[in-house]
file run30.pdb (PDB, C-alpha atoms)
ATOM      1  CA  MET A   1     -28.883 -56.830  -8.595
ATOM      2  CA  TRP A   2     -29.218 -53.062  -8.101
ATOM      3  CA  GLN A   3     -26.077 -51.939  -9.938
ATOM      4  CA  ALA A   4     -27.865 -50.767 -13.104
ATOM      5  CA  LEU A   5     -30.339 -48.749 -11.039
ATOM      6  CA  TYR A   6     -27.518 -47.211  -9.018
ATOM      7  CA  ASP A   7     -25.436 -46.400 -12.127
ATOM      8  CA  GLU A   8     -28.418 -44.741 -13.723
ATOM      9  CA  LEU A   9     -29.344 -42.581 -10.717
ATOM     10  CA  ARG A  10     -26.186 -42.044  -8.679
ATOM     11  CA  ASP A  11     -25.519 -38.557 -10.090
ATOM     12  CA  LEU A  12     -28.881 -37.447  -8.687
ATOM     13  CA  ARG A  13     -27.634 -37.743  -5.075
ATOM     14  CA  PHE A  14     -29.142 -41.199  -4.875
ATOM     15  CA  VAL A  15     -27.653 -44.302  -3.288
ATOM     16  CA  VAL A  16     -28.595 -47.942  -2.895
ATOM     17  CA  ILE A  17     -27.732 -49.527   0.437
ATOM     18  CA  ALA A  18     -28.168 -53.297   0.457
ATOM     19  CA  ILE A  19     -28.278 -55.213   3.735
ATOM     20  CA  ALA A  20     -27.601 -58.967   3.738
ATOM     21  CA  LEU A  21     -29.522 -60.787   6.488
ATOM     22  CA  ASP A  22     -27.160 -63.746   6.378
ATOM     23  CA  LYS A  23     -25.571 -65.942   9.005
ATOM     24  CA  SER A  24     -22.078 -64.848   7.995
ATOM     25  CA  ALA A  25     -20.258 -62.597   5.549
ATOM     26  CA  ASP A  26     -19.105 -65.766   3.810
ATOM     27  CA  ASP A  27     -22.691 -66.777   3.030
ATOM     28  CA  ALA A  28     -23.282 -63.457   1.271
ATOM     29  CA  ARG A  29     -19.799 -63.180  -0.274
ATOM     30  CA  PRO A  30     -20.322 -65.203  -3.492
ATOM     31  CA  TRP A  31     -23.377 -63.115  -4.437
ATOM     32  CA  ILE A  32     -21.614 -59.862  -3.657
ATOM     33  CA  GLU A  33     -18.396 -60.786  -5.464
ATOM     34  CA  LYS A  34     -20.335 -61.897  -8.529
ATOM     35  CA  ALA A  35     -22.340 -58.649  -8.655
ATOM     36  CA  ALA A  36     -19.262 -56.520  -7.792
ATOM     37  CA  PRO A  37     -21.494 -53.635  -6.655
ATOM     38  CA  THR A  38     -20.137 -50.103  -6.267
ATOM     39  CA  TYR A  39     -22.905 -49.220  -3.774
ATOM     40  CA  PRO A  40     -22.561 -50.382  -0.157
ATOM     41  CA  VAL A  41     -23.599 -53.928   0.681
ATOM     42  CA  LEU A  42     -23.631 -54.431   4.438
ATOM     43  CA  ILE A  43     -23.690 -57.664   6.405
ATOM     44  CA  ASP A  44     -26.249 -58.000   9.191
ATOM     45  CA  THR A  45     -25.712 -61.392  10.826
ATOM     46  CA  GLN A  46     -27.568 -60.373  13.994
ATOM     47  CA  HIS A  47     -30.600 -58.906  12.186
ATOM     48  CA  VAL A  48     -30.083 -55.450  13.636
ATOM     49  CA  VAL A  49     -31.882 -53.823  10.702
ATOM     50  CA  ALA A  50     -34.706 -56.395  10.723
ATOM     51  CA  ASP A  51     -35.329 -55.436  14.361
ATOM     52  CA  LEU A  52     -35.079 -51.664  13.792
ATOM     53  CA  TYR A  53     -37.367 -51.667  10.729
ATOM     54  CA  ASN A  54     -39.660 -54.605  11.506
ATOM     55  CA  ILE A  55     -38.483 -56.475   8.413
ATOM     56  CA  VAL A  56     -40.020 -59.948   8.206
ATOM     57  CA  ASN A  57     -38.909 -61.220   4.799
ATOM     58  CA  VAL A  58     -36.564 -60.497   1.921
ATOM     59  CA  PRO A  59     -36.397 -58.661  -0.336
ATOM     60  CA  THR A  60     -37.737 -55.672   1.605
ATOM     61  CA  ALA A  61     -37.058 -52.150   0.367
ATOM     62  CA  LEU A  62     -37.808 -48.727   1.766
ATOM     63  CA  TRP A  63     -37.127 -45.162   0.713
ATOM     64  CA  ILE A  64     -35.347 -42.678   2.945
ATOM     65  CA  ASP A  65     -35.183 -39.061   1.806
ATOM     66  CA  GLU A  66     -32.299 -36.561   2.004
ATOM     67  CA  ARG A  67     -33.334 -35.539   5.519
ATOM     68  CA  GLY A  68     -33.276 -39.120   6.783
ATOM     69  CA  ARG A  69     -37.035 -39.564   6.808
ATOM     70  CA  ILE A  70     -38.859 -42.678   5.676
ATOM     71  CA  VAL A  71     -41.007 -41.674   2.702
ATOM     72  CA  ARG A  72     -42.014 -45.141   1.606
ATOM     73  CA  PRO A  73     -42.223 -47.949   4.156
ATOM     74  CA  ASN A  74     -41.321 -51.641   3.848
ATOM     75  CA  ASP A  75     -42.267 -53.011   0.461
ATOM     76  CA  VAL A  76     -41.392 -56.102  -1.565
ATOM     77  CA  VAL A  77     -39.197 -55.038  -4.466
ATOM     78  CA  PHE A  78     -37.326 -57.361  -6.804
ATOM     79  CA  GLY A  79     -34.536 -55.910  -8.936
ATOM     80  CA  THR A  80     -35.156 -58.360 -11.786
ATOM     81  CA  ASP A  81     -37.872 -60.675 -13.054
ATOM     82  CA  THR A  82     -35.748 -63.802 -12.439
ATOM     83  CA  PHE A  83     -38.222 -65.170  -9.872
ATOM     84  CA  LYS A  84     -41.387 -63.718 -11.381
ATOM     85  CA  HIS A  85     -42.688 -67.176 -12.337
ATOM     86  CA  ILE A  86     -42.610 -68.076  -8.615
ATOM     87  CA  THR A  87     -43.395 -64.758  -6.938
ATOM     88  CA  ASN A  88     -45.849 -63.351  -9.459
ATOM     89  CA  LEU A  89     -44.247 -59.980  -8.714
ATOM     90  CA  GLU A  90     -42.732 -58.002 -11.546
ATOM     91  CA  SER A  91     -39.933 -55.511 -11.072
ATOM     92  CA  ALA A  92     -40.792 -52.844 -13.682
ATOM     93  CA  ARG A  93     -43.401 -50.820 -11.771
ATOM     94  CA  PRO A  94     -41.596 -50.564  -8.437
ATOM     95  CA  LEU A  95     -38.328 -49.708 -10.209
ATOM     96  CA  ALA A  96     -40.061 -47.055 -12.313
ATOM     97  CA  ALA A  97     -41.357 -45.585  -9.043
ATOM     98  CA  VAL A  98     -37.825 -45.485  -7.584
ATOM     99  CA  ARG A  99     -36.546 -43.737 -10.731
ATOM    100  CA  ALA A 100     -39.314 -41.139 -10.621
ATOM    101  CA  TRP A 101     -38.548 -40.473  -6.958
ATOM    102  CA  ALA A 102     -34.779 -40.197  -7.556
ATOM    103  CA  ARG A 103     -35.372 -37.751 -10.408
ATOM    104  CA  GLY A 104     -37.626 -35.622  -8.240
ATOM    105  CA  GLU A 105     -40.683 -36.273 -10.387
ATOM    106  CA  THR A 106     -42.491 -37.608  -7.319
ATOM    107  CA  SER A 107     -41.800 -37.179  -3.628
ATOM    108  CA  GLY A 108     -42.699 -40.492  -2.057
ATOM    109  CA  PHE A 109     -45.606 -40.662   0.343
ATOM    110  CA  ALA A 110     -46.824 -37.951   2.687
ATOM    111  CA  ALA A 111     -46.160 -38.669   6.363
ATOM    112  CA  SER A 112     -49.741 -39.703   7.079
ATOM    113  CA  GLU A 113     -49.788 -42.060   4.094
ATOM    114  CA  THR A 114     -46.466 -43.582   5.112
ATOM    115  CA  ARG A 115     -47.731 -44.181   8.648
ATOM    116  CA  GLY A 116     -50.894 -45.714   7.272
ATOM    117  CA  LEU A 117     -48.858 -48.179   5.233
ATOM    118  CA  GLN A 118     -46.414 -49.121   7.995
ATOM    119  CA  THR A 119     -46.716 -52.409   9.825
ATOM    120  CA  LEU A 120     -45.510 -51.860  13.378
ATOM    121  CA  PRO A 121     -44.093 -54.671  15.496
ATOM    122  CA  THR A 122     -46.175 -56.359  18.192
ATOM    123  CA  ALA A 123     -44.950 -57.584  21.574
ATOM    124  CA  LEU A 124     -44.857 -61.107  20.115
ATOM    125  CA  ASP A 125     -42.695 -59.919  17.200
ATOM    126  CA  GLN A 126     -40.223 -58.407  19.648
ATOM    127  CA  GLN A 127     -40.264 -61.482  21.897
ATOM    128  CA  ALA A 128     -39.538 -63.559  18.783
ATOM    129  CA  ARG A 129     -36.607 -61.273  17.939
ATOM    130  CA  ALA A 130     -35.218 -61.677  21.452
ATOM    131  CA  GLU A 131     -35.510 -65.480  21.095
ATOM    132  CA  PHE A 132     -33.756 -65.255  17.718
ATOM    133  CA  GLY A 133     -31.033 -63.048  19.203
ATOM    134  CA  LEU A 134     -30.396 -65.532  21.994
ATOM    135  CA  ALA A 135     -30.461 -68.482  19.582
ATOM    136  CA  GLU A 136     -28.029 -66.793  17.183
ATOM    137  CA  TRP A 137     -25.656 -66.103  20.078
ATOM    138  CA  LEU A 138     -25.945 -69.659  21.392
ATOM    139  CA  ALA A 139     -25.287 -71.090  17.927
ATOM    140  CA  ARG A 140     -22.234 -68.871  17.561
ATOM    141  CA  HIS A 141     -20.969 -70.197  20.890
ATOM    142  CA  GLY A 142     -21.400 -73.861  20.009
ATOM    143  CA  ALA A 143     -24.582 -74.490  22.046
ATOM    144  CA  ARG A 144     -26.497 -76.041  19.142
ATOM    145  CA  ASP A 145     -29.240 -77.797  21.101
ATOM    146  CA  ALA A 146     -30.025 -74.742  23.194
ATOM    147  CA  ALA A 147     -29.943 -72.574  20.065
ATOM    148  CA  GLU A 148     -32.421 -74.865  18.330
ATOM    149  CA  ARG A 149     -34.935 -74.491  21.182
ATOM    150  CA  HIS A 150     -34.924 -70.748  20.815
ATOM    151  CA  PHE A 151     -34.972 -70.702  17.018
ATOM    152  CA  VAL A 152     -38.069 -72.900  17.162
ATOM    153  CA  ARG A 153     -39.674 -70.732  19.830
ATOM    154  CA  ALA A 154     -38.961 -67.579  17.816
ATOM    155  CA  GLY A 155     -40.644 -69.077  14.761
ATOM    156  CA  GLU A 156     -43.685 -70.100  16.810
ATOM    157  CA  LEU A 157     -44.053 -66.609  18.239
ATOM    158  CA  ALA A 158     -43.795 -64.890  14.839
ATOM    159  CA  PRO A 159     -44.783 -67.436  12.180
ATOM    160  CA  HIS A 160     -44.988 -64.655   9.567
ATOM    161  CA  ASP A 161     -41.357 -63.664  10.143
ATOM    162  CA  PHE A 162     -39.351 -65.477   7.499
ATOM    163  CA  THR A 163     -36.126 -63.652   8.397
ATOM    164  CA  ILE A 164     -36.435 -65.855  11.480
ATOM    165  CA  ARG A 165     -38.028 -69.035  10.134
ATOM    166  CA  ARG A 166     -36.129 -69.259   6.859
ATOM    167  CA  GLY A 167     -33.212 -67.024   7.797
ATOM    168  CA  SER A 168     -32.303 -69.319  10.707
ATOM    169  CA  MET A 169     -32.191 -72.432   8.509
ATOM    170  CA  PRO A 170     -28.562 -72.014   7.337
ATOM    171  CA  ILE A 171     -27.479 -71.497  10.962
ATOM    172  CA  ARG A 172     -29.306 -74.678  11.966
ATOM    173  CA  GLY A 173     -27.852 -76.783   9.170
ATOM    174  CA  ILE A 174     -31.148 -76.856   7.251
ATOM    175  CA  ASP A 175     -31.225 -76.207   3.495
ATOM    176  CA  PRO A 176     -33.218 -72.947   3.091
ATOM    177  CA  MET A 177     -34.290 -74.059  -0.406
ATOM    178  CA  GLY A 178     -34.914 -77.677   0.592
ATOM    179  CA  PRO A 179     -37.861 -79.828   1.652
ATOM    180  CA  GLN A 180     -38.226 -78.245   5.103
ATOM    181  CA  PHE A 181     -38.555 -74.818   3.559
ATOM    182  CA  ARG A 182     -41.005 -76.025   0.913
ATOM    183  CA  GLU A 183     -43.099 -77.721   3.601
ATOM    184  CA  MET A 184     -43.127 -74.542   5.690
ATOM    185  CA  LEU A 185     -44.048 -72.433   2.670
ATOM    186  CA  GLN A 186     -46.821 -74.798   1.622
ATOM    187  CA  ALA A 187     -48.352 -74.799   5.110
ATOM    188  CA  TRP A 188     -48.221 -70.995   5.193
ATOM    189  CA  VAL A 189     -49.534 -70.302   1.712
ATOM    190  CA  GLY A 190     -52.034 -73.165   1.974
ATOM    191  CA  GLY A 191     -53.593 -71.309   4.912
ATOM    192  CA  GLY A 192     -54.368 -68.435   2.558
ATOM    193  CA  ARG A 193     -51.481 -66.312   3.786
ATOM    194  CA  PRO A 194     -49.160 -64.674   1.251
ATOM    195  CA  TYR A 195     -45.414 -65.278   1.528
ATOM    196  CA  TYR A 196     -44.726 -61.820   0.046
ATOM    197  CA  ARG A 197     -46.767 -58.820   1.109
ATOM    198  CA  PRO A 198     -46.101 -55.905  -1.239
ATOM    199  CA  LEU A 199     -47.691 -52.553  -0.468
ATOM    200  CA  PRO A 200     -51.128 -52.211  -2.026
ATOM    201  CA  ASP A 201     -50.034 -49.126  -3.947
ATOM    202  CA  THR A 202     -46.952 -48.948  -6.175
ATOM    203  CA  ARG A 203     -47.601 -45.376  -7.184
ATOM    204  CA  GLY A 204     -44.393 -43.451  -7.841
TER     205      GLY A 204
ATOM    206  CA  MET B 205     -21.319 -67.006  35.510
ATOM    207  CA  PHE B 206     -24.215 -65.948  33.327
ATOM    208  CA  THR B 207     -24.101 -64.050  30.000
ATOM    209  CA  ILE B 208     -26.529 -61.205  29.383
ATOM    210  CA  ILE B 209     -26.715 -59.968  25.776
ATOM    211  CA  GLU B 210     -28.157 -56.526  25.212
ATOM    212  CA  GLY B 211     -27.814 -53.617  22.799
ATOM    213  CA  GLY B 212     -25.204 -55.331  20.647
ATOM    214  CA  GLY B 213     -22.959 -56.140  23.610
ATOM    215  CA  GLU B 214     -22.668 -58.903  26.162
ATOM    216  CA  ARG B 215     -21.621 -59.105  29.790
ATOM    217  CA  ARG B 216     -20.720 -62.087  31.932
ATOM    218  CA  VAL B 217     -21.884 -61.606  35.491
ATOM    219  CA  ASP B 218     -22.365 -63.600  38.679
ATOM    220  CA  ALA B 219     -25.894 -64.955  38.931
ATOM    221  CA  ARG B 220     -27.847 -67.567  40.837
ATOM    222  CA  VAL B 221     -30.085 -69.763  38.731
ATOM    223  CA  GLU B 222     -33.001 -71.362  40.568
ATOM    224  CA  ASP B 223     -35.985 -73.124  38.990
ATOM    225  CA  GLY B 224     -35.211 -71.515  35.675
ATOM    226  CA  ARG B 225     -35.125 -68.040  37.176
ATOM    227  CA  VAL B 226     -32.014 -65.889  37.146
ATOM    228  CA  GLN B 227     -31.185 -63.833  40.186
ATOM    229  CA  LEU B 228     -28.686 -61.024  40.038
ATOM    230  CA  THR B 229     -27.064 -58.895  42.708
ATOM    231  CA  ALA B 230     -27.342 -55.109  42.454
ATOM    232  CA  ASP B 231     -23.741 -55.009  41.218
ATOM    233  CA  ALA B 232     -24.386 -57.620  38.527
ATOM    234  CA  LEU B 233     -27.519 -55.780  37.379
ATOM    235  CA  ARG B 234     -25.614 -52.525  37.058
ATOM    236  CA  GLU B 235     -22.726 -54.214  35.274
ATOM    237  CA  ALA B 236     -24.918 -56.160  32.843
ATOM    238  CA  LEU B 237     -27.621 -53.632  32.021
ATOM    239  CA  GLY B 238     -26.656 -50.319  33.594
ATOM    240  CA  TRP B 239     -29.685 -50.080  35.902
ATOM    241  CA  GLU B 240     -29.699 -49.312  39.617
ATOM    242  CA  LEU B 241     -32.503 -49.237  42.166
ATOM    243  CA  HIS B 242     -32.992 -45.995  44.130
ATOM    244  CA  ASP B 243     -36.010 -45.497  46.401
ATOM    245  CA  GLY B 244     -38.351 -47.754  44.476
ATOM    246  CA  THR B 245     -37.192 -46.500  41.083
ATOM    247  CA  LEU B 246     -34.967 -48.226  38.539
ATOM    248  CA  CYS B 247     -32.602 -45.743  36.925
ATOM    249  CA  ASN B 248     -29.923 -45.816  34.274
ATOM    250  CA  ASP B 249     -27.856 -42.939  32.859
ATOM    251  CA  THR B 250     -30.749 -41.392  30.996
ATOM    252  CA  MET B 251     -34.043 -42.333  32.633
ATOM    253  CA  CYS B 252     -35.885 -43.723  35.642
ATOM    254  CA  VAL B 253     -38.727 -46.257  35.767
ATOM    255  CA  PRO B 254     -40.809 -46.628  38.937
ATOM    256  CA  LEU B 255     -41.369 -50.172  40.198
ATOM    257  CA  PRO B 256     -44.988 -51.324  39.957
ATOM    258  CA  ALA B 257     -46.977 -51.411  43.190
ATOM    259  CA  GLY B 258     -46.201 -54.492  45.247
ATOM    260  CA  SER B 259     -42.963 -55.205  43.392
ATOM    261  CA  ARG B 260     -40.394 -57.052  45.450
ATOM    262  CA  LEU B 261     -37.575 -56.316  43.053
ATOM    263  CA  GLY B 262     -34.322 -55.774  44.892
ATOM    264  CA  GLU B 263     -35.576 -57.127  48.222
ATOM    265  CA  GLY B 264     -32.695 -58.713  50.066
ATOM    266  CA  GLY B 265     -30.365 -57.429  47.368
ATOM    267  CA  VAL B 266     -31.863 -59.892  44.840
ATOM    268  CA  PHE B 267     -32.949 -58.867  41.332
ATOM    269  CA  ASP B 268     -34.912 -61.392  39.321
ATOM    270  CA  LEU B 269     -33.901 -60.852  35.682
ATOM    271  CA  GLY B 270     -37.418 -61.683  34.433
ATOM    272  CA  GLU B 271     -38.916 -59.068  36.743
ATOM    273  CA  VAL B 272     -36.341 -56.492  35.710
ATOM    274  CA  ALA B 273     -37.204 -57.054  32.035
ATOM    275  CA  ALA B 274     -40.953 -56.899  32.753
ATOM    276  CA  THR B 275     -40.550 -53.675  34.756
ATOM    277  CA  LEU B 276     -38.592 -52.113  31.899
ATOM    278  CA  ASP B 277     -41.029 -53.486  29.285
ATOM    279  CA  ARG B 278     -38.230 -55.325  27.520
ATOM    280  CA  PRO B 279     -38.635 -58.743  25.873
ATOM    281  CA  LEU B 280     -36.406 -61.344  27.537
ATOM    282  CA  ALA B 281     -35.259 -64.637  26.043
ATOM    283  CA  LEU B 282     -33.602 -66.782  28.645
ATOM    284  CA  ASP B 283     -31.907 -70.163  28.720
ATOM    285  CA  ALA B 284     -31.046 -70.992  32.312
ATOM    286  CA  GLU B 285     -29.414 -74.274  31.297
ATOM    287  CA  ALA B 286     -27.114 -72.662  28.743
ATOM    288  CA  GLY B 287     -26.448 -69.714  31.058
ATOM    289  CA  ALA B 288     -27.423 -66.919  28.715
ATOM    290  CA  ALA B 289     -30.196 -64.390  28.199
ATOM    291  CA  PHE B 290     -31.006 -61.799  25.528
ATOM    292  CA  VAL B 291     -32.733 -58.557  26.455
ATOM    293  CA  GLY B 292     -34.488 -57.079  23.423
ATOM    294  CA  VAL B 293     -36.282 -53.844  22.637
ATOM    295  CA  SER B 294     -40.008 -53.424  23.242
ATOM    296  CA  ALA B 295     -42.644 -53.174  20.537
ATOM    297  CA  GLY B 296     -43.624 -49.773  21.949
ATOM    298  CA  GLU B 297     -40.150 -48.332  21.565
ATOM    299  CA  ARG B 298     -39.781 -49.704  18.030
ATOM    300  CA  ALA B 299     -43.266 -48.529  17.021
ATOM    301  CA  GLN B 300     -42.625 -45.050  18.365
ATOM    302  CA  ALA B 301     -39.341 -44.794  16.464
ATOM    303  CA  LEU B 302     -40.837 -46.070  13.192
ATOM    304  CA  GLY B 303     -43.933 -43.907  13.591
ATOM    305  CA  SER B 304     -41.708 -40.820  13.884
ATOM    306  CA  LEU B 305     -40.596 -41.643  10.304
ATOM    307  CA  ILE B 306     -37.024 -40.715  11.218
ATOM    308  CA  ALA B 307     -35.109 -43.646   9.757
ATOM    309  CA  PRO B 308     -33.587 -45.568  12.691
ATOM    310  CA  ASP B 309     -29.817 -45.263  12.472
ATOM    311  CA  PHE B 310     -27.377 -48.166  12.515
ATOM    312  CA  THR B 311     -23.791 -49.001  11.678
ATOM    313  CA  LEU B 312     -22.921 -52.188   9.809
ATOM    314  CA  SER B 313     -19.814 -53.310   7.950
ATOM    315  CA  ASP B 314     -19.354 -54.302   4.329
ATOM    316  CA  LEU B 315     -17.405 -57.370   3.139
ATOM    317  CA  ALA B 316     -14.117 -55.505   3.487
ATOM    318  CA  GLY B 317     -14.942 -54.752   7.130
ATOM    319  CA  ARG B 318     -15.540 -51.040   6.504
ATOM    320  CA  PRO B 319     -18.270 -49.663   8.777
ATOM    321  CA  HIS B 320     -21.119 -47.668   7.210
ATOM    322  CA  MET B 321     -23.492 -45.531   9.229
ATOM    323  CA  LEU B 322     -26.891 -44.940   7.644
ATOM    324  CA  SER B 323     -27.017 -41.319   8.831
ATOM    325  CA  SER B 324     -23.744 -40.574   7.035
ATOM    326  CA  TYR B 325     -25.775 -40.823   3.806
ATOM    327  CA  ARG B 326     -27.904 -37.815   4.767
ATOM    328  CA  GLY B 327     -28.246 -35.439   1.835
ATOM    329  CA  ARG B 328     -28.858 -38.331  -0.538
ATOM    330  CA  LYS B 329     -31.966 -40.310  -1.303
ATOM    331  CA  VAL B 330     -31.427 -43.825   0.009
ATOM    332  CA  PHE B 331     -33.030 -46.894  -1.500
ATOM    333  CA  MET B 332     -32.437 -49.377   1.306
ATOM    334  CA  VAL B 333     -33.030 -52.999   0.524
ATOM    335  CA  ALA B 334     -32.718 -56.040   2.755
ATOM    336  CA  TRP B 335     -31.832 -59.285   0.976
ATOM    337  CA  ALA B 336     -30.218 -62.609   1.806
ATOM    338  CA  SER B 337     -28.517 -65.550   0.126
ATOM    339  CA  TRP B 338     -31.398 -67.713   1.361
TER     340      TRP B 338
END
call {"tool": "encode", "arguments": {"input": "run30.pdb", "output": "structure tokens"}}
result
Amino acid sequence: MWQALYDELRDLRFVVIAIALDKSADDARPWIEKAAPTYPVLIDTQHVVADLYNIVNVPTALWIDERGRIVRPNDVVFGTDTFKHITNLESARPLAAVRAWARGETSGFAASETRGLQTLPTALDQQARAEFGLAEWLARHGARDAAERHFVRAGELAPHDFTIRRGSMPIRGIDPMGPQFREMLQAWVGGGRPYYRPLPDTRG
Amino acid sequence: MFTIIEGGGERRVDARVEDGRVQLTADALREALGWELHDGTLCNDTMCVPLPAGSRLGEGGVFDLGEVAATLDRPLALDAEAGAAFVGVSAGERAQALGSLIAPDFTLSDLAGRPHMLSSYRGRKVFMVAWASW
């Protein structure tokens, strides 16, 4: 999905790092093999990166500069317009911003702006992540019923965290595109809450 | 035996489970989480945390896992029946790290099993994107 962007910008000391929040490498494998990316695609079955960066849905992108500093916090960025009819989010502006940043035409956000745009985790978010962590471990060790209790609890604690609510579905034997997902989405969006929360500003 | 999962690792230790509470010995606490009690202070290799006033943690050589987690401000998910608990990282610690704007480091593997450390990409601009097959 990001290969064209990477090919275009790689000579500018720019890299794409994609992180798959999937239940197993095998779940992500068909997508990765089809795209045959030359940038790193990493597998995060235990949601290590979701925990570190307070990521609550996919796709979530952020910019990290040459010194390892976050210069644009979590944002919703699609690499193509394949799902635009559903998401109402187009890819052109955010990708133009990435290009401008990679070329040095812009420098990302200032520290104070970045902090202002960050969403920091709450105690409930972190309790939910602990419940998810336990559930994922229990599921991996064959304790399905116990795992289910904690997946459900995690989703109740952080109902906005779809890496938990939707991301746990494949582990629990639920179709993440199926009726249970659509019902969950409808209840969420019907309450006036957006499923995707892009940053208010897509300035490059 | 009881499994305590923390910081990407897991330890199986002796524990007594009573009314849904998990009680560890001092040895089990040290083995599972690396903390020891000294003069009213819980310490690990790098820091010490004083017990709150009135705490009975460690009395009679018994450490309640829930109280340990609360004292350390760590979220705890526990399933006494299944014999496992997960000790997470607090919102405060995560917020402080993110607020510093220094990108939290991690190591994850690609499909071929090759590990990649985020910080090894220093010197390049990184567009990091989380996705999933779902």
call {"tool": "resolve_selection", "arguments": {"input": "run30.pdb", "expression": "the PyMOL selection byres ((chain B) within 6 of (chain A))", "output": "list in words"}}
result
Pro279, Ala281, Phe290, Gly292, Ala295, Ala299, Leu305, Ile306, Ala307, Leu312, Ser313, Asp314, Arg326, Gly327, Arg328, Lys329, Val330, Phe331, Met332, Val333, Ala334, Trp335, Ala336, Ser337 and Trp338 of chain B
call {"tool": "atom_distance", "arguments": {"input": "run30.pdb", "atom1": "atom CA of B:Val293", "atom2": "atom CA of B:Arg278"}}
result
5.5 Å
call {"tool": "resolve_selection", "arguments": {"input": "run30.pdb", "expression": "the PyMOL selection byres ((chain B and resi 211) around 8)", "output": "PyMOL selection string"}}
result
chain B and resi 209-210+212-213+291-292
call {"tool": "resolve_selection", "arguments": {"input": "run30.pdb", "expression": "the PyMOL selection byres ((chain B and resi 243) around 12)", "output": "PyMOL selection string"}}
result
chain B and resi 240-242+244-247+252-255+261-263
call {"tool": "atom_distance", "arguments": {"input": "run30.pdb", "atom1": "atom CA of B:Leu276", "atom2": "atom CA of B:Gly296"}}
result
11.4 Å
call {"tool": "atom_distance", "arguments": {"input": "run30.pdb", "atom1": "atom CA of A:Gly108", "atom2": "atom CA of A:Pro94"}}
result
12.0 Å
call {"tool": "axis_aligned_box", "arguments": {"input": "run30.pdb", "around": "stretch 270-279 of chain B", "padding_each_side": "4 Å", "output": "AutoDock Vina command-line options"}}
result
--center_x -38.7 --center_y -56.9 --center_z 31.3 --size_x 12.7 --size_y 17.6 --size_z 18.9
call {"tool": "closest_residue", "arguments": {"input": "run30.pdb", "among": "B:Ala230, B:Ala236, B:Ser259, B:Leu322", "to": "B:Ala289", "atoms": "all atoms listed in the file"}}
result
B:Ala236
call {"tool": "decode", "arguments": {"input": "run30.pdb", "residues": "stretch 21-34 of chain A", "atoms": "C-alpha atoms", "output": "short mmCIF file (atom, residue, chain, number, x, y, z; two decimals), in the first residue's frame"}}
result
data_model
loop_
_atom_site.label_atom_id
_atom_site.label_comp_id
_atom_site.auth_asym_id
_atom_site.auth_seq_id
_atom_site.Cartn_x
_atom_site.Cartn_y
_atom_site.Cartn_z
CA LEU A 21 -1.74 -5.42 14.53
CA ASP A 22 -2.82 -8.94 13.68
CA LYS A 23 -3.38 -12.09 15.69
CA SER A 24 -0.63 -13.93 13.84
CA ALA A 25 1.94 -13.45 11.09
CA ASP A 26 -0.19 -15.77 8.98
CA ASP A 27 -3.15 -13.38 9.14
CA ALA A 28 -1.00 -10.57 7.74
CA ARG A 29 1.02 -12.75 5.34
CA PRO A 30 -1.32 -12.75 2.29
CA TRP A 31 -1.47 -8.93 2.28
CA ILE A 32 2.27 -8.60 2.70
CA GLU A 33 3.13 -11.21 0.06
CA LYS A 34 0.75 -9.61 -2.42
#
